[in-house]
Every structure is written in structure tokens, then in C-alpha cells.
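What follows is a short report on a single structure.
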2 protein chains.
Amino acid sequence: MCEYGLRAIGHVESELSERSAAPRQPDEGAPEAWVVLDERCAPALAGLEPDTDVLLFTWLDRADRETLAVHPRGDQERPLTGVFATRAPDRPNPIGLHEVHVLEVVGTRVHVRNLEALDGTPVLDIKPVLTGSR
Amino acid sequence: MCEYGLRAIGHVESELSERSAAPRQPDEGAPEAWVVLDERCAPALAGLEPDTDVLLFTWLDRADRETLAVHPRGDQERPLTGVFATRAPDRPNPIGLHEVHVLEVVGTRVHVRNLEALDGTPVLDIKPVLTGSR
């Protein structure tokens, strides 16, 4: 099996610290948070504007990578479902995808709204929400 | 810098074989393709239905990971822009994100429409497009 090395480019600063307390989806009470990037990534932020929506990619470092099927939302009454048909964090490559709203960019710190990732979660990438122009 | 090991769970089978010929966005003529998953991932596909849209995550193995800023769409007249404000494949962690339409699931092969990834591109993950129910 081929392996590829991801490099954390920063981390999340958030009041959320426990997986059991984290909302499952951002519309379920996710707080504001800071995405703190390594200073060497500064050139990669040029053009990232406040008041836009972006896709934040994280590494869900507390996930179980051996899990292939789950009861959606932990509800035992729902049938066992393959992780590729759910957003469960436990999966072979636990990449978190979060659509967040950029409030401000201060140096290499990005203040965002609606992030359900835990404090300390490694950050992998930021991409604009696709508009067709870029 | 922390590193995390991604495991390829499959690959793309496509008629697209050269980066220079690949469409930049799926609405620019991306073809049908097959996502071929390892057989051990079969349980993770349970519940993935034809005629749904999913997010396919790939590893853009031909990308340059040292690039931090680009001229969008390779147009030298557009100002140099940080990769986090573009969808350029060259970036520190070249994770490809593709919204594709599932045509059929045959064993661990998934036939999809609108995939701009190149033949042989490693596959990392599949997630449903968020509907709020999962």
C-alpha cells in the first residue's frame, strides 16, 4: 500500500477540547476559532480575503483509522453504514473538511466562524469554495 | 513539523493521462471515470448509492509541494496569489477535492461522472455531500 506524507502547516485554536462535546456538523453550534499557520506559509495566504467562505482541511488525529463502517451519528438503531457514505471522523484517511467563514486574517492567523474541529487539530490545507473563476 | 501518513485506498482509472490536457475544473469537460478501491475497503462502501453526489479526495502525486503562490490558471497577467486562495494543484499538501456524481457501484469499483483527476491518481477518501442528515 502506498503511503504519502502529509505535513501539518498549522493547527486549530478553539474552545472545543473534547470530541464528545464537539458538534457533529458546523450548523449544530460550532464556535469561532483561529487557524494558526506556520509563518513560512505566509506567501500562501496572499489573496485570502475576510468575509469569504473557504474549505479548511484538517487531520483528525484522534480518529480510528481501522473503522470501515459505523452507525450514523452513533445511533445504534440506524443500520451499519460504510464510512464512505457518512461523514464519520473514523475512516482510513481521517481528513476533516470544514466549510468556514473567514472573519479576519492577522499575519498567519485566520479567524473563522463555524468550525467544529477540536483545539490542537492539525491543519493541512485551505482552498476557496469553488466559484468557477479560479 | 509533524508528518502524517496517508494510505492510498485505491486509484483513478481515466482516459486523462497528462496534466497539460486535464480540465482545470470539472465543468470544463471532465470525463466519466472509475474509482477503483482496494477490495479490503468493501465494507466502507456499504450505503453508497448510485445517482448521488459525493466528494472524492485524491492525492495529486504530480504536484509541486514547495509552491506557495501562483498566477491563477497559469495566466501571467493575473497577480501572484497565495495557493490557499486558489485551487491550484501545487501546494504544501496536494489533496485533490472533486465533487462527482456516482453512476454505479460494481463491487469496489465506483463509476463516476465529471472527474478531472488523471489516470492513476491515488484515492484517499470518499465523503457524502453534506445534507444535514448524516
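Chain lettering (A, B, ...) mirrors the order of the C-alpha cells, residue numbering begins at 1 for each chain separately, and ligand numbering begins at 1 in order of display.
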
Requested in this report: Residues of chain B near chain A: apply a cut-off of 7 Å, count only C-alpha atoms, and supply the list as a PyMOL selection string.
Outcome: chain B and resi 1-8+43-48+68-69+72-73+81-87+93+124-128+134

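Between CA of Ala33 (chain B) and CA of Asp53 (chain A) lies a distance of 29.4 Å.
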
**Report entry** DSSP helix (DSSP H, G or I) selection over chain B, as a list of chain:residue names
**Finding:**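 Restricting chain B to helix (DSSP H, G or I) produces B:Arg19, B:Ser20, B:Ala21, B:Glu39, B:Arg40, B:Cys41, B:Ala42, B:Pro43, B:Ala44, B:Leu45, B:Pro72, B:Arg73, B:Gly74, B:Val83, B:Phe84, B:Ala85.
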
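Closest approach to Asp51 (chain A) among A:Val102, A:Pro31, A:Asp90, A:Glu39 is made by A:Val102 (distances from only C-alpha atoms).
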
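Residues of region 39-69 of chain A that DSSP, applied to the backbone, places in strand (DSSP E): A:Asp53, A:Val54, A:Leu55, A:Leu56, A:Phe57, A:Thr58, A:Trp59, A:Ala69.
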
Query - Pairwise distance for CA of Ala30 (chain A) and CA of Asn114 (chain A), rounded to one decimal in Å - result: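 Interatomic distance, CA of Ala30 (chain A) to CA of Asn114 (chain A): 4.8 Å.
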
Requested in this report: Name the closest residue to Leu115 (chain B) among the candidates B:Glu18, B:Glu66, B:Glu13, B:Asp75; distances are taken between atoms, counting only C-alpha atoms.
Outcome: B:Glu13
